[in-house]
file start.txt (compact mmCIF, C-alpha atoms)
# COMPACT_ATOMS: atom_id res chain seq x y z
CA MET B 16 -7.25 -53.90 74.81
CA ALA B 17 -6.54 -50.29 73.98
CA SER B 18 -6.50 -49.46 70.30
CA ARG B 19 -3.18 -48.78 68.55
CA LEU B 20 -2.13 -47.20 65.31
CA SER B 21 0.89 -48.83 63.66
CA PRO B 22 2.45 -48.53 60.22
CA TYR B 23 1.99 -51.60 58.00
CA LEU B 24 4.55 -51.43 55.21
CA ASN B 25 4.39 -53.39 51.95
CA PHE B 26 7.49 -54.64 50.19
CA ASN B 27 8.27 -56.40 46.94
CA GLY B 28 10.19 -59.48 48.05
CA ASN B 29 12.47 -57.78 50.59
CA ALA B 30 10.23 -57.53 53.67
CA ARG B 31 12.51 -59.89 55.61
CA GLN B 32 15.56 -57.70 54.95
CA ALA B 33 13.63 -54.50 55.72
CA LEU B 34 12.14 -55.75 58.99
CA GLU B 35 15.49 -57.19 60.08
CA PHE B 36 17.01 -53.78 59.32
CA TYR B 37 14.37 -52.04 61.46
CA ALA B 38 15.09 -54.53 64.26
CA SER B 39 18.78 -53.54 64.03
CA VAL B 40 17.79 -49.86 64.23
CA PHE B 41 15.18 -50.00 66.99
CA GLY B 42 15.88 -53.30 68.76
CA GLY B 43 13.00 -55.36 70.09
CA ASN B 44 11.30 -58.60 69.15
CA LEU B 45 10.78 -59.47 65.50
CA SER B 46 8.40 -62.18 64.36
CA LEU B 47 8.19 -63.24 60.71
CA SER B 48 5.77 -65.63 59.00
CA THR B 49 6.18 -66.80 55.42
CA PHE B 50 3.48 -67.76 52.97
CA ALA B 51 4.81 -71.35 53.15
CA GLU B 52 4.02 -71.48 56.86
CA PHE B 53 0.38 -70.78 56.02
CA GLY B 54 -0.13 -73.44 53.35
CA ALA B 55 1.62 -72.03 50.27
CA LYS B 56 4.69 -74.32 50.37
CA ASP B 57 4.70 -74.93 46.61
CA SER B 58 3.97 -71.32 45.70
CA PRO B 59 6.54 -69.04 44.07
CA ASP B 60 5.85 -66.81 47.08
CA ALA B 61 6.63 -69.51 49.67
CA ASP B 62 9.65 -67.67 51.09
CA ARG B 63 8.07 -64.23 50.99
CA ILE B 64 6.86 -62.68 54.23
CA MET B 65 3.10 -62.94 54.70
CA HIS B 66 3.25 -61.02 57.97
CA GLY B 67 6.03 -59.52 60.03
CA MET B 68 5.87 -57.55 63.23
CA LEU B 69 8.56 -55.73 65.17
CA GLU B 70 7.69 -54.72 68.72
CA THR B 71 10.37 -52.51 70.22
CA ASP B 72 11.33 -51.81 73.81
CA ALA B 73 10.45 -48.15 73.14
CA GLY B 74 6.84 -49.18 72.48
CA TYR B 75 6.88 -48.87 68.69
CA THR B 76 5.23 -51.48 66.51
CA ILE B 77 6.18 -51.75 62.85
CA MET B 78 4.46 -54.34 60.69
CA GLY B 79 5.13 -55.36 57.13
CA ALA B 80 4.70 -57.95 54.41
CA ASP B 81 5.64 -58.77 50.85
CA VAL B 82 3.08 -58.47 48.10
CA THR B 83 2.53 -61.76 46.28
CA SER B 84 3.91 -62.27 42.80
CA GLU B 85 0.32 -62.04 41.51
CA MET B 86 -0.14 -58.56 42.96
CA GLU B 87 1.08 -55.35 41.40
CA TYR B 88 3.58 -53.71 43.73
CA GLN B 89 3.00 -50.01 44.33
CA PRO B 90 6.07 -48.26 45.77
CA MET B 91 5.46 -46.40 48.99
CA ALA B 92 4.44 -42.80 48.40
CA GLY B 93 2.37 -40.07 49.98
CA PHE B 94 3.21 -40.79 53.61
CA SER B 95 6.03 -40.77 56.14
CA VAL B 96 6.66 -42.55 59.40
CA SER B 97 7.15 -39.90 62.08
CA LEU B 98 9.33 -40.24 65.18
CA SER B 99 9.16 -37.55 67.84
CA GLY B 100 10.99 -37.62 71.12
CA ASP B 101 14.16 -36.80 72.98
CA ASP B 102 17.85 -37.11 72.14
CA ALA B 103 17.57 -40.93 72.06
CA LEU B 104 16.20 -40.57 68.50
CA ARG B 105 19.58 -39.31 67.25
CA ASP B 106 20.89 -42.90 66.97
CA TYR B 107 17.77 -43.99 65.05
CA TRP B 108 18.25 -41.07 62.66
CA ALA B 109 21.88 -42.02 62.03
CA LYS B 110 20.98 -45.63 61.23
CA LEU B 111 17.91 -44.86 59.10
CA SER B 112 19.62 -42.18 57.03
CA ALA B 113 23.06 -43.84 56.68
CA SER B 114 22.23 -46.05 53.71
CA GLY B 115 19.29 -44.02 52.41
CA THR B 116 18.73 -40.51 51.15
CA THR B 117 18.57 -37.49 53.42
CA THR B 118 15.94 -35.11 52.05
CA MET B 119 16.30 -32.60 54.90
CA PRO B 120 19.33 -32.75 57.18
CA LEU B 121 18.71 -33.12 60.90
CA GLN B 122 19.12 -29.56 62.13
CA LYS B 123 17.62 -26.95 64.46
CA GLN B 124 14.31 -25.58 63.19
CA ALA B 125 12.29 -22.40 63.80
CA TRP B 126 10.18 -24.18 66.45
CA GLY B 127 13.33 -24.93 68.46
CA ASP B 128 13.61 -28.68 67.90
CA GLU B 129 15.96 -30.56 65.61
CA PHE B 130 14.14 -32.04 62.63
CA GLY B 131 15.19 -34.08 59.63
CA MET B 132 13.70 -36.15 56.83
CA CYS B 133 15.13 -39.18 55.06
CA ILE B 134 14.14 -42.09 52.87
CA ASP B 135 15.70 -45.32 54.05
CA LYS B 136 17.26 -47.94 51.79
CA PHE B 137 13.88 -49.71 51.50
CA GLY B 138 12.03 -46.62 50.25
CA VAL B 139 10.30 -45.72 53.52
CA SER B 140 10.12 -42.00 54.29
CA TRP B 141 10.94 -40.98 57.88
CA LEU B 142 10.41 -37.71 59.76
CA VAL B 143 12.48 -37.34 62.92
CA ASN B 144 11.82 -34.55 65.44
CA ILE B 145 14.14 -34.32 68.45
CA SER B 146 12.63 -32.12 71.14
CA GLN B 147 14.89 -29.81 73.08
CA PRO B 148 15.06 -30.32 76.84
CA GLN B 149 12.60 -28.14 78.74
CA ALA B 150 14.27 -25.58 81.01
call {"tool": "encode", "arguments": {"input": "start.txt", "output": "structure tokens"}}
result
Amino acid sequence: MASRLSPYLNFNGNARQALEFYASVFGGNLSLSTFAEFGAKDSPDADRIMHGMLETDAGYTIMGADVTSEMEYQPMAGFSVSLSGDDALRDYWAKLSASGTTTMPLQKQAWGDEFGMCIDKFGVSWLVNISQPQA
């Protein structure tokens, strides 16, 4: 198996909603496992997501989980998920930024591509770079 690098995002009780949102943005196959499914049926965390994975048709993999109620949740900071590609990313940008905060509008940059930054409604920072067609 070739090695892969994939973001693994932590949430505070809303991993299911976040991963379902990403499935609506990117499409693909989403699998979710709760803590109850792995022996914690009587836990206050039973319905929280122990592990979730979205594998998209575009070849992206996004994983995520909820922290347990015993863990201190640290909001996501100091990183961004970066998407680079062709005009197909425009739809992803629209969906990710629609209910979040745009920190840099998607617009033409000095390097010739369109680039934008946003924070989605779950607090995940995204960088989107749409390459211009090569002449």
call {"tool": "closest_residue", "arguments": {"input": "start.txt", "among": "B:Met132, B:Leu121, B:Ile77, B:Met91", "to": "Gly42 of chain B", "atoms": "all atoms listed in the file"}}
result
B:Ile77
call {"tool": "closest_residue", "arguments": {"input": "start.txt", "among": "B:Leu20, B:Ala113, B:Leu47, B:Ala30", "to": "Tyr75 of chain B", "atoms": "all atoms listed in the file"}}
result
B:Leu20
call {"tool": "closest_residue", "arguments": {"input": "start.txt", "among": "B:Ala80, B:Ala61, B:Ala73, B:Met119", "to": "Asn25 of chain B", "atoms": "all atoms listed in the file"}}
result
B:Ala80
call {"tool": "closest_residue", "arguments": {"input": "start.txt", "among": "B:Asp106, B:Glu70, B:Asp101, B:Asp60", "to": "Met86 of chain B", "atoms": "only C-alpha atoms"}}
result
B:Asp60
call {"tool": "closest_residue", "arguments": {"input": "start.txt", "among": "B:Lys123, B:Arg19, B:Lys110, B:Arg63", "to": "Arg31 of chain B", "atoms": "all atoms listed in the file"}}
result
B:Arg63
call {"tool": "closest_residue", "arguments": {"input": "start.txt", "among": "B:Ile134, B:Met16, B:Ile145, B:Ala38", "to": "Phe94 of chain B", "atoms": "all atoms listed in the file"}}
result
B:Ile134
call {"tool": "atom_distance", "arguments": {"input": "start.txt", "atom1": "atom CA of Leu45 of chain B", "atom2": "atom CA of Leu142 of chain B"}}
result
22.5 Å
call {"tool": "atom_distance", "arguments": {"input": "start.txt", "atom1": "atom CA of Ser58 of chain B", "atom2": "atom CA of Phe36 of chain B"}}
result
25.8 Å
call {"tool": "atom_distance", "arguments": {"input": "start.txt", "atom1": "atom CA of Leu104 of chain B", "atom2": "atom CA of Phe41 of chain B"}}
result
9.6 Å
call {"tool": "residues_around", "arguments": {"input": "start.txt", "residues": "Ser146 of chain B", "least_positions_apart": "5", "cutoff": "9 Å", "atoms": "only C-alpha atoms", "output": "MDAnalysis selection string"}}
result
chainID B and resid 99:102 127:130
call {"tool": "residues_near_point", "arguments": {"input": "start.txt", "point": "(-1.1, -49.9, 61.1)", "cutoff": "10 Å", "atoms": "only C-alpha atoms", "output": "number ranges by chain"}}
result
B: 19-24, 76-79
call {"tool": "build_atoms", "arguments": {"input": "start.txt", "residues": "segment 20-33 of chain B", "atoms": "N, CA and C atoms", "output": "CSV table (one decimal), in the coordinates of the input"}}
result
chain,number,residue,atom,x,y,z
B,20,LEU,N,-2.3,-47.5,66.7
B,20,LEU,CA,-2.1,-47.2,65.3
B,20,LEU,C,-0.7,-47.5,65.0
B,21,SER,N,-0.5,-48.4,64.0
B,21,SER,CA,0.9,-48.8,63.7
B,21,SER,C,1.1,-48.8,62.1
B,22,PRO,N,2.2,-48.4,61.7
B,22,PRO,CA,2.4,-48.5,60.2
B,22,PRO,C,2.5,-50.0,59.8
B,23,TYR,N,1.9,-50.3,58.6
B,23,TYR,CA,2.0,-51.6,58.0
B,23,TYR,C,2.6,-51.4,56.6
B,24,LEU,N,3.8,-51.8,56.4
B,24,LEU,CA,4.6,-51.4,55.2
B,24,LEU,C,4.6,-52.6,54.2
B,25,ASN,N,4.4,-52.3,53.0
B,25,ASN,CA,4.4,-53.4,52.0
B,25,ASN,C,5.7,-53.3,51.2
B,26,PHE,N,6.2,-54.5,50.9
B,26,PHE,CA,7.5,-54.6,50.2
B,26,PHE,C,7.3,-55.6,49.0
B,27,ASN,N,8.3,-55.6,48.1
B,27,ASN,CA,8.3,-56.4,46.9
B,27,ASN,C,9.4,-57.5,47.0
B,28,GLY,N,9.2,-58.4,48.0
B,28,GLY,CA,10.2,-59.5,48.0
B,28,GLY,C,11.3,-59.2,49.0
B,29,ASN,N,11.4,-58.0,49.7
B,29,ASN,CA,12.5,-57.8,50.6
B,29,ASN,C,12.0,-57.4,52.0
B,30,ALA,N,10.8,-57.8,52.3
B,30,ALA,CA,10.2,-57.5,53.7
B,30,ALA,C,11.1,-58.1,54.8
B,31,ARG,N,11.6,-59.3,54.6
B,31,ARG,CA,12.5,-59.9,55.6
B,31,ARG,C,13.7,-59.0,55.9
B,32,GLN,N,14.4,-58.6,54.8
B,32,GLN,CA,15.6,-57.7,55.0
B,32,GLN,C,15.2,-56.4,55.6
B,33,ALA,N,14.1,-55.8,55.2
B,33,ALA,CA,13.6,-54.5,55.7
B,33,ALA,C,13.3,-54.6,57.2
